[in-house]
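Visitor: CSV, C-alpha atoms, file start-v4.csv:
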```
chain,number,residue,atom,x,y,z
G,6,MET,CA,0.0,0.0,0.0
G,7,ALA,CA,1.3,3.4,-1.0
G,8,ARG,CA,2.7,6.0,1.5
G,9,VAL,CA,2.9,9.8,1.1
G,10,PHE,CA,5.5,12.2,2.5
G,11,LEU,CA,4.4,15.9,2.4
G,12,ILE,CA,7.3,18.2,3.2
G,13,VAL,CA,6.9,21.9,3.8
G,14,ILE,CA,10.1,23.9,3.4
G,15,ASP,CA,8.8,26.8,5.4
G,16,SER,CA,8.7,30.2,3.6
G,17,VAL,CA,10.4,29.1,0.3
G,18,GLY,CA,8.1,31.1,-2.0
G,19,ILE,CA,8.6,31.5,-5.7
G,20,GLY,CA,7.0,34.9,-6.3
G,21,GLY,CA,4.1,35.8,-8.5
G,22,ALA,CA,1.2,35.9,-6.1
G,23,PRO,CA,-1.6,37.8,-8.0
G,24,ASP,CA,-2.7,39.6,-4.9
G,25,ALA,CA,0.8,40.5,-3.6
G,26,ASP,CA,-0.1,44.2,-3.8
G,27,GLN,CA,-2.6,43.8,-1.0
G,28,PHE,CA,0.1,42.6,1.5
G,29,PHE,CA,2.8,44.8,3.0
G,30,ASN,CA,6.1,44.9,4.8
G,31,GLY,CA,5.8,48.3,6.4
G,32,ASP,CA,4.6,50.6,3.6
G,33,LEU,CA,6.1,48.5,0.8
G,34,PRO,CA,3.7,46.1,-0.9
G,35,ASP,CA,4.9,42.6,-1.5
G,36,THR,CA,4.6,43.0,-5.3
G,37,GLY,CA,7.8,41.6,-6.8
G,38,SER,CA,9.0,39.7,-3.8
G,39,ASN,CA,10.5,36.3,-4.7
G,40,THR,CA,12.2,34.3,-2.0
G,41,LEU,CA,13.8,31.6,-4.1
G,42,GLY,CA,14.4,33.8,-7.2
G,43,HIS,CA,16.2,36.6,-5.3
G,44,ILE,CA,18.3,34.2,-3.3
G,45,ALA,CA,19.4,32.5,-6.5
G,46,GLN,CA,20.2,35.8,-8.1
G,47,ALA,CA,22.2,36.9,-5.1
G,48,CYS,CA,24.2,33.7,-5.1
G,49,ALA,CA,24.9,34.0,-8.9
G,50,ALA,CA,26.1,37.6,-8.3
G,51,GLY,CA,28.5,36.6,-5.5
G,52,GLN,CA,26.4,38.3,-2.9
G,53,ALA,CA,25.8,35.3,-0.7
G,54,GLU,CA,29.3,34.1,0.2
G,55,GLU,CA,29.1,33.7,4.0
G,56,GLY,CA,29.6,30.0,4.7
G,57,ARG,CA,29.1,29.0,1.1
G,58,SER,CA,30.1,30.2,-2.4
G,59,GLY,CA,29.0,30.6,-5.9
G,60,PRO,CA,25.6,29.9,-7.6
G,61,LEU,CA,22.9,28.2,-5.7
G,62,HIS,CA,23.4,24.4,-5.8
G,63,VAL,CA,20.2,22.4,-5.3
G,64,PRO,CA,20.4,19.6,-7.9
G,65,HIS,CA,17.8,17.4,-6.4
G,66,LEU,CA,15.2,20.1,-6.1
G,67,ALA,CA,16.1,21.3,-9.6
G,68,ALA,CA,15.6,17.7,-10.9
G,69,LEU,CA,12.1,17.8,-9.4
G,70,GLY,CA,11.3,20.9,-11.4
G,71,LEU,CA,12.1,23.8,-9.0
G,72,GLY,CA,13.4,26.1,-11.8
G,73,GLN,CA,10.4,25.4,-14.0
G,74,ALA,CA,8.0,26.1,-11.0
G,75,LEU,CA,9.8,29.4,-10.4
G,76,GLU,CA,9.4,30.4,-14.0
G,77,LEU,CA,5.7,29.3,-14.0
G,78,ALA,CA,5.0,31.3,-10.9
G,79,SER,CA,6.8,34.5,-11.5
G,80,GLY,CA,8.3,34.4,-15.0
G,81,MET,CA,11.8,34.5,-13.5
G,82,GLN,CA,14.4,32.3,-15.2
G,83,VAL,CA,17.5,31.1,-13.2
G,84,PRO,CA,19.9,29.2,-15.4
G,85,THR,CA,21.6,27.5,-12.5
G,86,LEU,CA,18.3,25.8,-11.7
G,87,ASP,CA,18.1,24.1,-15.1
G,88,ALA,CA,18.2,20.4,-14.9
G,89,GLN,CA,16.9,17.2,-16.6
G,90,VAL,CA,13.5,17.1,-14.9
G,91,THR,CA,12.4,13.8,-13.5
G,92,GLY,CA,9.5,15.0,-11.2
G,93,ALA,CA,6.1,16.6,-11.6
G,94,TRP,CA,6.1,20.4,-10.9
G,95,GLY,CA,3.7,23.2,-10.5
G,96,ALA,CA,3.0,26.5,-8.7
G,97,ALA,CA,0.4,26.8,-6.0
G,98,THR,CA,-1.6,30.0,-5.2
G,99,GLU,CA,-3.2,30.7,-1.8
G,100,VAL,CA,-6.7,32.2,-1.3
G,101,SER,CA,-6.7,32.6,2.5
G,102,ARG,CA,-6.3,36.2,3.6
G,103,GLY,CA,-3.1,35.7,5.4
G,104,LYS,CA,0.6,35.0,4.7
G,105,ASP,CA,1.2,33.1,7.8
G,106,THR,CA,1.9,29.5,9.0
G,107,PRO,CA,-1.7,28.4,10.0
G,108,SER,CA,-3.2,29.9,6.8
G,109,GLY,CA,-0.7,28.2,4.5
G,110,HIS,CA,-0.7,24.8,6.3
G,111,TRP,CA,-4.5,24.6,6.8
G,112,GLU,CA,-5.0,25.4,3.1
G,113,LEU,CA,-2.5,22.8,2.0
G,114,ALA,CA,-4.5,20.4,4.1
G,115,GLY,CA,-7.7,21.4,2.4
G,116,VAL,CA,-9.2,24.1,4.6
G,117,PRO,CA,-8.8,27.7,3.6
G,118,VAL,CA,-9.2,30.1,6.5
G,119,PRO,CA,-12.8,31.4,6.5
G,120,TRP,CA,-12.2,34.5,8.6
G,121,ASP,CA,-9.8,37.4,8.9
G,122,TRP,CA,-7.1,36.9,11.5
G,123,HIS,CA,-6.9,39.4,14.4
G,124,THR,CA,-3.6,41.2,14.5
G,125,PHE,CA,-2.3,43.7,17.0
G,126,PRO,CA,-1.7,47.4,16.1
G,127,LYS,CA,1.8,48.9,16.0
G,128,THR,CA,1.4,50.7,19.2
G,129,ASP,CA,3.4,50.7,22.4
G,130,PRO,CA,2.1,49.1,24.5
G,131,VAL,CA,0.4,46.8,22.0
G,132,PHE,CA,-1.7,44.3,23.9
G,133,PRO,CA,-5.1,45.2,25.4
G,134,ASP,CA,-5.2,45.5,29.2
G,135,ASP,CA,-7.4,42.5,29.6
G,136,VAL,CA,-4.9,40.3,27.8
G,137,ILE,CA,-2.0,41.5,30.0
G,138,VAL,CA,-4.2,41.0,33.2
G,139,ALA,CA,-4.9,37.4,32.0
G,140,ILE,CA,-1.2,36.7,31.5
G,141,CYS,CA,-0.3,38.1,34.9
G,142,GLU,CA,-3.0,36.1,36.6
G,143,ALA,CA,-2.2,32.9,34.8
G,144,ALA,CA,1.6,33.3,35.5
G,145,GLY,CA,1.2,34.6,39.0
G,146,VAL,CA,3.3,37.7,38.3
G,147,GLY,CA,3.0,41.4,38.8
G,148,GLY,CA,3.7,42.5,35.3
G,149,THR,CA,5.1,41.6,31.8
G,150,LEU,CA,8.0,42.9,29.8
G,151,ALA,CA,8.2,44.3,26.2
G,152,ASN,CA,4.5,44.4,25.2
G,153,ARG,CA,5.3,45.6,21.7
G,154,HIS,CA,6.1,44.5,18.2
G,155,ALA,CA,9.5,43.0,18.1
G,156,SER,CA,12.0,40.5,16.7
G,157,GLY,CA,12.1,37.5,18.9
G,158,THR,CA,15.9,37.3,19.2
G,159,GLU,CA,16.3,41.1,19.7
G,160,VAL,CA,13.6,41.4,22.3
G,161,ILE,CA,15.1,38.5,24.4
G,162,ASP,CA,18.5,40.2,24.2
G,163,ALA,CA,16.9,43.5,25.3
G,164,GLU,CA,14.6,42.2,28.0
G,165,GLY,CA,16.4,39.1,29.1
G,166,PRO,CA,18.4,40.7,32.0
G,167,ARG,CA,15.3,42.3,33.5
G,168,HIS,CA,13.3,39.1,33.0
G,169,MET,CA,16.0,37.2,35.1
G,170,LYS,CA,15.6,39.8,37.9
G,171,THR,CA,11.8,40.1,37.9
G,172,GLY,CA,10.6,36.8,36.6
G,173,TRP,CA,8.1,38.6,34.4
G,174,PRO,CA,7.4,37.0,31.0
G,175,ILE,CA,8.5,38.7,27.8
G,176,CYS,CA,5.4,39.3,25.6
G,177,TYR,CA,5.6,40.5,22.0
G,178,THR,CA,4.0,40.2,18.6
G,179,SER,CA,4.6,40.7,14.9
G,180,VAL,CA,2.4,41.6,11.9
G,181,ASP,CA,1.2,37.9,12.1
G,182,SER,CA,-1.8,37.0,14.1
G,183,VAL,CA,0.3,35.9,17.1
G,184,LEU,CA,1.1,36.5,20.8
G,185,GLN,CA,4.6,35.2,21.7
G,186,ILE,CA,5.8,34.7,25.3
G,187,ALA,CA,9.5,34.2,26.0
G,188,ALA,CA,10.8,33.0,29.3
G,189,HIS,CA,14.0,31.6,30.7
G,190,GLU,CA,13.9,27.8,31.1
G,191,GLU,CA,15.6,27.9,34.5
G,192,VAL,CA,14.5,31.3,35.9
G,193,PHE,CA,10.9,31.0,34.9
G,194,GLY,CA,10.6,27.3,34.0
G,195,ARG,CA,9.9,25.7,30.7
G,196,GLU,CA,6.9,23.7,31.9
G,197,ARG,CA,5.5,26.8,33.6
G,198,LEU,CA,5.8,28.7,30.3
G,199,MET,CA,4.0,26.0,28.5
G,200,GLN,CA,1.2,26.0,31.0
G,201,LEU,CA,0.9,29.8,30.9
G,202,CYS,CA,0.5,29.7,27.1
G,203,GLU,CA,-2.0,26.9,27.2
G,204,ASP,CA,-4.0,28.7,29.9
G,205,ILE,CA,-4.3,32.0,28.0
G,206,ALA,CA,-4.7,30.5,24.5
G,207,PRO,CA,-8.5,30.1,24.5
G,208,MET,CA,-8.9,33.8,25.2
G,209,LEU,CA,-6.7,34.7,22.3
G,210,HIS,CA,-8.4,32.2,20.0
G,211,ASP,CA,-11.7,33.7,20.8
G,212,MET,CA,-10.3,37.0,19.5
G,213,LYS,CA,-9.2,35.0,16.3
G,214,VAL,CA,-5.6,35.3,17.1
G,215,GLY,CA,-4.1,32.4,15.4
G,216,ARG,CA,-1.3,31.3,17.8
G,217,VAL,CA,0.1,31.8,21.2
G,218,ILE,CA,3.7,30.8,21.0
G,219,ALA,CA,5.9,29.7,23.9
G,220,ARG,CA,9.5,30.7,23.3
G,221,PRO,CA,11.8,29.3,26.0
G,222,PHE,CA,15.4,30.5,26.1
G,223,VAL,CA,18.6,29.9,28.1
G,224,GLY,CA,21.8,31.9,28.8
G,225,ASP,CA,22.7,35.0,30.8
G,226,PRO,CA,23.5,38.7,30.1
G,227,GLU,CA,27.2,38.0,30.1
G,228,SER,CA,27.4,35.1,27.7
G,229,GLY,CA,24.2,36.0,25.7
G,230,PHE,CA,20.8,34.4,25.4
G,231,GLN,CA,19.7,31.6,23.0
G,232,ARG,CA,16.3,30.3,22.1
G,233,THR,CA,16.0,26.6,22.6
G,234,ALA,CA,14.4,23.9,20.4
G,235,TYR,CA,11.4,23.6,22.8
G,236,ARG,CA,9.2,26.2,21.1
G,237,ARG,CA,5.5,25.3,21.1
G,238,ASP,CA,2.7,26.8,19.2
G,239,PHE,CA,-0.8,26.8,20.8
G,240,ALA,CA,-2.8,27.3,17.6
G,241,ILE,CA,-6.5,27.8,17.1
G,242,ALA,CA,-8.1,24.6,15.8
G,243,PRO,CA,-9.0,24.4,12.1
G,244,PRO,CA,-12.7,25.1,11.6
G,245,SER,CA,-13.4,21.9,9.7
G,246,PRO,CA,-11.8,18.5,9.0
G,247,THR,CA,-8.3,18.6,7.4
G,248,LEU,CA,-6.4,16.1,5.3
G,249,CYS,CA,-4.9,14.7,8.6
G,250,ASP,CA,-8.4,14.0,9.9
G,251,TYR,CA,-9.6,12.2,6.8
G,252,ILE,CA,-6.5,10.0,6.7
G,253,HIS,CA,-6.6,9.3,10.4
G,254,ASP,CA,-10.3,8.5,10.3
G,255,ALA,CA,-9.6,6.0,7.5
G,256,GLY,CA,-7.4,4.1,10.0
G,257,ARG,CA,-4.1,5.1,8.5
G,258,PRO,CA,-1.1,6.3,10.6
G,259,VAL,CA,-0.4,10.1,10.5
G,260,HIS,CA,3.1,11.1,11.6
G,261,ALA,CA,4.0,14.7,12.2
G,262,VAL,CA,7.5,16.1,11.9
G,263,GLY,CA,8.3,19.6,13.2
G,264,LYS,CA,5.6,22.0,14.3
G,265,ILE,CA,2.8,20.2,12.3
G,266,GLY,CA,1.3,18.9,15.5
G,267,ASP,CA,1.0,22.4,17.0
G,268,ILE,CA,-0.4,23.9,13.8
G,269,PHE,CA,-3.2,21.3,13.7
G,270,SER,CA,-3.7,21.1,17.5
G,271,MET,CA,-2.7,17.4,17.2
G,272,ARG,CA,-6.1,16.7,15.6
G,273,GLY,CA,-5.9,13.7,13.3
G,274,ILE,CA,-2.2,13.1,14.2
G,275,ASP,CA,-0.8,10.0,15.9
G,276,ASP,CA,2.6,11.1,16.9
G,277,VAL,CA,5.0,14.0,16.5
G,278,GLN,CA,8.8,14.4,16.3
G,279,LYS,CA,10.3,17.8,17.2
G,280,GLY,CA,13.7,19.5,17.3
G,281,ARG,CA,16.0,21.5,15.1
G,282,ASP,CA,15.8,21.0,11.4
G,283,ALA,CA,18.8,18.6,11.5
G,284,ASP,CA,17.0,16.5,14.1
G,285,LEU,CA,13.8,16.6,12.0
G,286,MET,CA,15.7,15.4,8.9
G,287,THR,CA,16.9,12.4,11.0
G,288,ALA,CA,13.3,11.7,12.1
G,289,LEU,CA,12.0,12.0,8.5
G,290,SER,CA,14.7,9.6,7.3
G,291,ARG,CA,13.8,7.1,10.0
G,292,LEU,CA,10.1,7.3,9.1
G,293,VAL,CA,10.9,6.6,5.4
G,294,ASP,CA,12.4,3.4,6.7
G,295,THR,CA,9.8,2.5,9.3
G,296,ALA,CA,6.4,4.0,8.4
G,297,LYS,CA,3.8,1.4,7.7
G,298,ASP,CA,2.0,0.8,4.4
G,299,GLY,CA,-0.7,3.5,3.8
G,300,ALA,CA,1.0,6.0,6.2
G,301,PHE,CA,1.0,9.8,5.8
G,302,VAL,CA,4.1,11.8,7.0
G,303,PHE,CA,3.6,15.5,7.2
G,304,ALA,CA,6.8,17.5,7.9
G,305,ASN,CA,7.7,21.1,8.3
G,306,PHE,CA,11.3,22.5,8.2
G,307,VAL,CA,11.0,25.9,9.9
G,308,GLU,CA,14.5,27.2,10.0
G,309,PHE,CA,14.4,28.6,6.5
G,310,ASP,CA,11.8,31.0,7.9
G,311,SER,CA,12.8,31.5,11.6
G,312,GLU,CA,16.5,31.6,11.2
G,313,TYR,CA,17.1,33.2,7.8
G,314,GLY,CA,14.0,34.7,6.3
G,315,HIS,CA,12.9,37.0,9.2
G,316,ARG,CA,16.5,37.9,9.8
G,317,ARG,CA,17.1,38.8,6.2
G,318,ASP,CA,20.1,36.5,6.0
G,319,VAL,CA,20.5,35.7,2.3
G,320,SER,CA,23.7,33.6,2.8
G,321,GLY,CA,22.2,31.6,5.6
G,322,TYR,CA,19.0,30.9,3.6
G,323,ALA,CA,21.1,29.7,0.6
G,324,ARG,CA,23.2,27.5,2.9
G,325,HIS,CA,20.0,26.0,4.3
G,326,LEU,CA,18.6,25.3,0.9
G,327,GLU,CA,21.7,23.5,-0.1
G,328,TRP,CA,21.8,21.5,3.1
G,329,PHE,CA,18.1,20.5,2.6
G,330,ASP,CA,18.8,19.6,-1.0
G,331,ALA,CA,21.7,17.3,-0.1
G,332,GLU,CA,19.6,15.6,2.6
G,333,LEU,CA,16.6,15.3,0.3
G,334,GLY,CA,18.8,13.4,-2.1
G,335,ARG,CA,19.4,10.8,0.6
G,336,VAL,CA,15.7,10.6,1.4
G,337,LEU,CA,14.8,10.1,-2.2
G,338,ASP,CA,17.2,7.1,-2.4
G,339,GLN,CA,15.4,5.5,0.6
G,340,LEU,CA,11.8,5.7,-0.9
G,341,ARG,CA,9.9,2.7,-2.0
G,342,ALA,CA,8.8,2.4,-5.6
G,343,ASP,CA,5.2,3.3,-4.8
G,344,ASP,CA,5.9,6.1,-2.4
G,345,LEU,CA,4.8,9.7,-3.2
G,346,LEU,CA,6.9,12.6,-2.0
G,347,ILE,CA,5.8,16.2,-2.3
G,348,VAL,CA,7.9,19.3,-1.5
G,349,THR,CA,6.0,22.6,-1.1
G,350,ALA,CA,5.9,25.7,1.1
G,351,ASP,CA,3.4,27.7,3.0
G,352,HIS,CA,4.2,31.3,2.1
G,353,GLY,CA,7.3,33.4,1.2
G,354,ASN,CA,9.9,35.3,3.4
G,355,ASP,CA,12.2,37.0,0.9
G,356,PRO,CA,15.5,37.8,2.7
G,357,THR,CA,16.2,40.5,0.2
G,358,TRP,CA,13.0,42.4,0.9
G,359,ALA,CA,12.3,45.3,3.1
G,360,GLY,CA,11.2,44.7,6.7
G,361,THR,CA,11.2,41.4,8.5
G,362,ASP,CA,7.8,40.0,7.7
G,363,HIS,CA,6.6,37.1,5.5
G,364,THR,CA,6.0,37.9,1.8
G,365,ARG,CA,2.9,37.0,-0.2
G,366,GLU,CA,4.0,34.6,-2.9
G,367,ARG,CA,3.1,31.5,-4.8
G,368,VAL,CA,4.9,28.3,-3.7
G,369,PRO,CA,6.4,25.4,-5.5
G,370,VAL,CA,4.8,22.0,-5.7
G,371,LEU,CA,7.4,19.4,-6.6
G,372,VAL,CA,6.4,15.7,-6.8
G,373,HIS,CA,8.5,12.5,-6.8
G,374,GLY,CA,6.7,9.4,-7.7
G,375,ALA,CA,4.2,10.7,-10.3
G,376,GLY,CA,6.4,10.9,-13.4
G,377,ALA,CA,7.8,13.9,-15.1
G,378,LYS,CA,5.1,16.4,-16.0
G,379,ASN,CA,4.0,20.0,-15.8
G,380,LEU,CA,1.2,20.3,-13.2
G,381,GLY,CA,0.6,23.9,-14.1
G,382,GLN,CA,-1.0,26.5,-11.8
G,383,VAL,CA,-2.7,24.7,-8.9
G,384,ALA,CA,-4.4,25.7,-5.7
G,385,PHE,CA,-3.0,25.0,-2.2
G,386,VAL,CA,-6.1,22.8,-1.5
G,387,ASP,CA,-5.2,20.7,-4.5
G,388,VAL,CA,-2.3,19.3,-2.5
G,389,ALA,CA,-4.7,17.8,0.0
G,390,ALA,CA,-7.0,16.4,-2.6
G,391,SER,CA,-4.0,14.8,-4.4
G,392,VAL,CA,-2.6,13.2,-1.3
G,393,ALA,CA,-6.0,11.8,-0.3
G,394,GLY,CA,-6.5,10.5,-3.8
G,395,TYR,CA,-3.1,8.8,-3.9
G,396,LEU,CA,-3.7,7.1,-0.6
G,397,GLY,CA,-7.2,6.1,-1.6
G,398,VAL,CA,-9.0,7.6,1.4
G,399,GLU,CA,-12.4,9.4,1.4
G,400,TYR,CA,-11.9,13.1,1.2
G,401,LYS,CA,-14.6,15.8,1.5
G,402,GLY,CA,-12.4,18.9,1.6
G,403,GLU,CA,-11.8,21.4,-1.1
G,404,GLY,CA,-9.5,20.9,-4.1
G,405,HIS,CA,-8.9,18.6,-7.1
G,406,SER,CA,-6.1,16.1,-7.5
G,407,PHE,CA,-3.4,17.1,-9.9
G,408,LEU,CA,-2.0,13.5,-10.2
```
Write out the structure in this file as structure tokens.

Guide:
Amino acid sequence: MARVFLIVIDSVGIGGAPDADQFFNGDLPDTGSNTLGHIAQACAAGQAEEGRSGPLHVPHLAALGLGQALELASGMQVPTLDAQVTGAWGAATEVSRGKDTPSGHWELAGVPVPWDWHTFPKTDPVFPDDVIVAICEAAGVGGTLANRHASGTEVIDAEGPRHMKTGWPICYTSVDSVLQIAAHEEVFGRERLMQLCEDIAPMLHDMKVGRVIARPFVGDPESGFQRTAYRRDFAIAPPSPTLCDYIHDAGRPVHAVGKIGDIFSMRGIDDVQKGRDADLMTALSRLVDTAKDGAFVFANFVEFDSEYGHRRDVSGYARHLEWFDAELGRVLDQLRADDLLIVTADHGNDPTWAGTDHTRERVPVLVHGAGAKNLGQVAFVDVAASVAGYLGVEYKGEGHSFL
């Protein structure tokens, strides 16, 4: 019985979203943003030389049709992505009114977001008084720190010393629909942080805030602070059954790798593997060897987005693409003859763009196991319909199979 591996390389957009002019980084519309294309151009121009050198080298993704998908989505041609194509390739367009993690993943799983997410204004302080009161009561503290729009690493560096003295949690947001709470694993306690976020999440979800994110960190003012791998997203539940639910209800195993379990509130998911991207790749490889017939493996590799996109690190993003490509080659060699593997993304995060926010882009759909063909322009929800059809499970969500 066939198995399917759906891999989301978080934020690897390919430009060309038809509504990019309606999404912004500051005052700049996302029109013309192109995560993959601009990284490849920077590499070819010798502008991404930190820890790597030369043109972007991703031969396995190129063989699946990455260059062709880029041209289909945005019209951009990158000669270094030319290859003898052995996979099926297309470009997917999102309809949900968000360029964020839940919107992209839910829609890939067959459920476009039916509402507008609540986001917090760029004021200082940013959170309503009742939210801060709820956080203080749940945590048993007399106040919070930050309470503003901020970069996660920067706000921890800025507020970490005071946090260690007061024990007050560091609360911040971004242009996404999110409330993030950072706390020191030893001073505040990792489990206490998780419980705090779990306790206040229902209040935020009622406001249609997509996620409350726990951001534990370690370190001290002298040596510096570092976020740990124990991030957890307390996400609002999807409003209707997703691909994971349909497969699980059919009695098939559903394995999550990365933050997939958090994004779907563990609904329709049997187990989850977490860690840094290198750990997740090891977990994925292990599942290729051990997942039972009929299994569905849903993986997210987040560090493209969290470590390099938001930080506008072109060299780092290119290095991570090349690392992923090399690892993907090994995974492809492990697959069984009837396995299907799909590589896609959830949104863009162009590291050459202004600001630090995601960018509204189309995403690649690259398929191993379906022959070499042009899938054309597809919808995010078509990914879900295609996976369900390949596994032969009943599916009542949106979309049409492209296989």

Visitor: Mind listing as an NGL selection string all residues within 12 Å of (21.4, 21.3, 10.8), counting all atoms listed in the file?

Guide: :G and (280-287 or 306-309 or 312 or 321 or 324-329 or 331-332)

Visitor: Could you save the residues just selected, with C-alpha atoms, as an mmCIF file, in the frame of the given file?

Guide:
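Result file again_27.cif:
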```
data_model
loop_
_atom_site.group_PDB
_atom_site.id
_atom_site.type_symbol
_atom_site.label_atom_id
_atom_site.label_comp_id
_atom_site.auth_asym_id
_atom_site.auth_seq_id
_atom_site.Cartn_x
_atom_site.Cartn_y
_atom_site.Cartn_z
ATOM 1 C CA GLY G 280 13.700 19.500 17.300
ATOM 2 C CA ARG G 281 16.000 21.500 15.100
ATOM 3 C CA ASP G 282 15.800 21.000 11.400
ATOM 4 C CA ALA G 283 18.800 18.600 11.500
ATOM 5 C CA ASP G 284 17.000 16.500 14.100
ATOM 6 C CA LEU G 285 13.800 16.600 12.000
ATOM 7 C CA MET G 286 15.700 15.400 8.900
ATOM 8 C CA THR G 287 16.900 12.400 11.000
ATOM 9 C CA PHE G 306 11.300 22.500 8.200
ATOM 10 C CA VAL G 307 11.000 25.900 9.900
ATOM 11 C CA GLU G 308 14.500 27.200 10.000
ATOM 12 C CA PHE G 309 14.400 28.600 6.500
ATOM 13 C CA GLU G 312 16.500 31.600 11.200
ATOM 14 C CA GLY G 321 22.200 31.600 5.600
ATOM 15 C CA ARG G 324 23.200 27.500 2.900
ATOM 16 C CA HIS G 325 20.000 26.000 4.300
ATOM 17 C CA LEU G 326 18.600 25.300 0.900
ATOM 18 C CA GLU G 327 21.700 23.500 -0.100
ATOM 19 C CA TRP G 328 21.800 21.500 3.100
ATOM 20 C CA PHE G 329 18.100 20.500 2.600
ATOM 21 C CA ALA G 331 21.700 17.300 -0.100
ATOM 22 C CA GLU G 332 19.600 15.600 2.600
#
```

Visitor: Considering only C-alpha atoms, can you say which of G:Leu113, G:Ala49, G:Ile205, G:Ile137 comes closest to Val13 of chain G?

Guide: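 The closest residue to Val13 of chain G is G:Leu113.
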
Visitor: Got a sec: who's within 8 Å of segment 364-367 of chain G, counting all atoms listed in the file, leaving out chain neighbours fewer than 6 positions off, as a ChimeraX atom specification?

Guide: /G:18-22,24-25,28-30,35,38-39,78,96-99,104,352-355

Visitor: Smallest atom-to-atom distance to Glu164 of chain G: which of G:Pro226, G:Gly115, G:Pro258, G:Pro244, using only C-alpha atoms?

Guide: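 Between G:Pro226, G:Gly115, G:Pro258, G:Pro244, the residue approaching Glu164 of chain G most closely is G:Pro226.
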
Visitor: Extract, using all atoms listed in the file, all DNA, RNA and protein residues at most 8 Å from Phe10 of chain G, discarding same-chain residues fewer than 4 positions from it, and format them as an MDAnalysis selection string.

Guide: chainID G and resid 301:304 344:347

Visitor: Give the answer as one residue: which of G:Met169, G:Ala67, G:Ala342, G:Val372 has the shortest atom-to-atom distance to Gly224 of chain G, using all atoms listed in the file?

Guide: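 Of all the options, G:Met169 lies closest to Gly224 of chain G.
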
Visitor: Taking only C-alpha atoms into account, which of G:Leu184, G:Asp351, G:Ala393, G:Ala242 comes nearest Val131 of chain G?

Guide: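 So, comparing all the options, the nearest one is G:Leu184.
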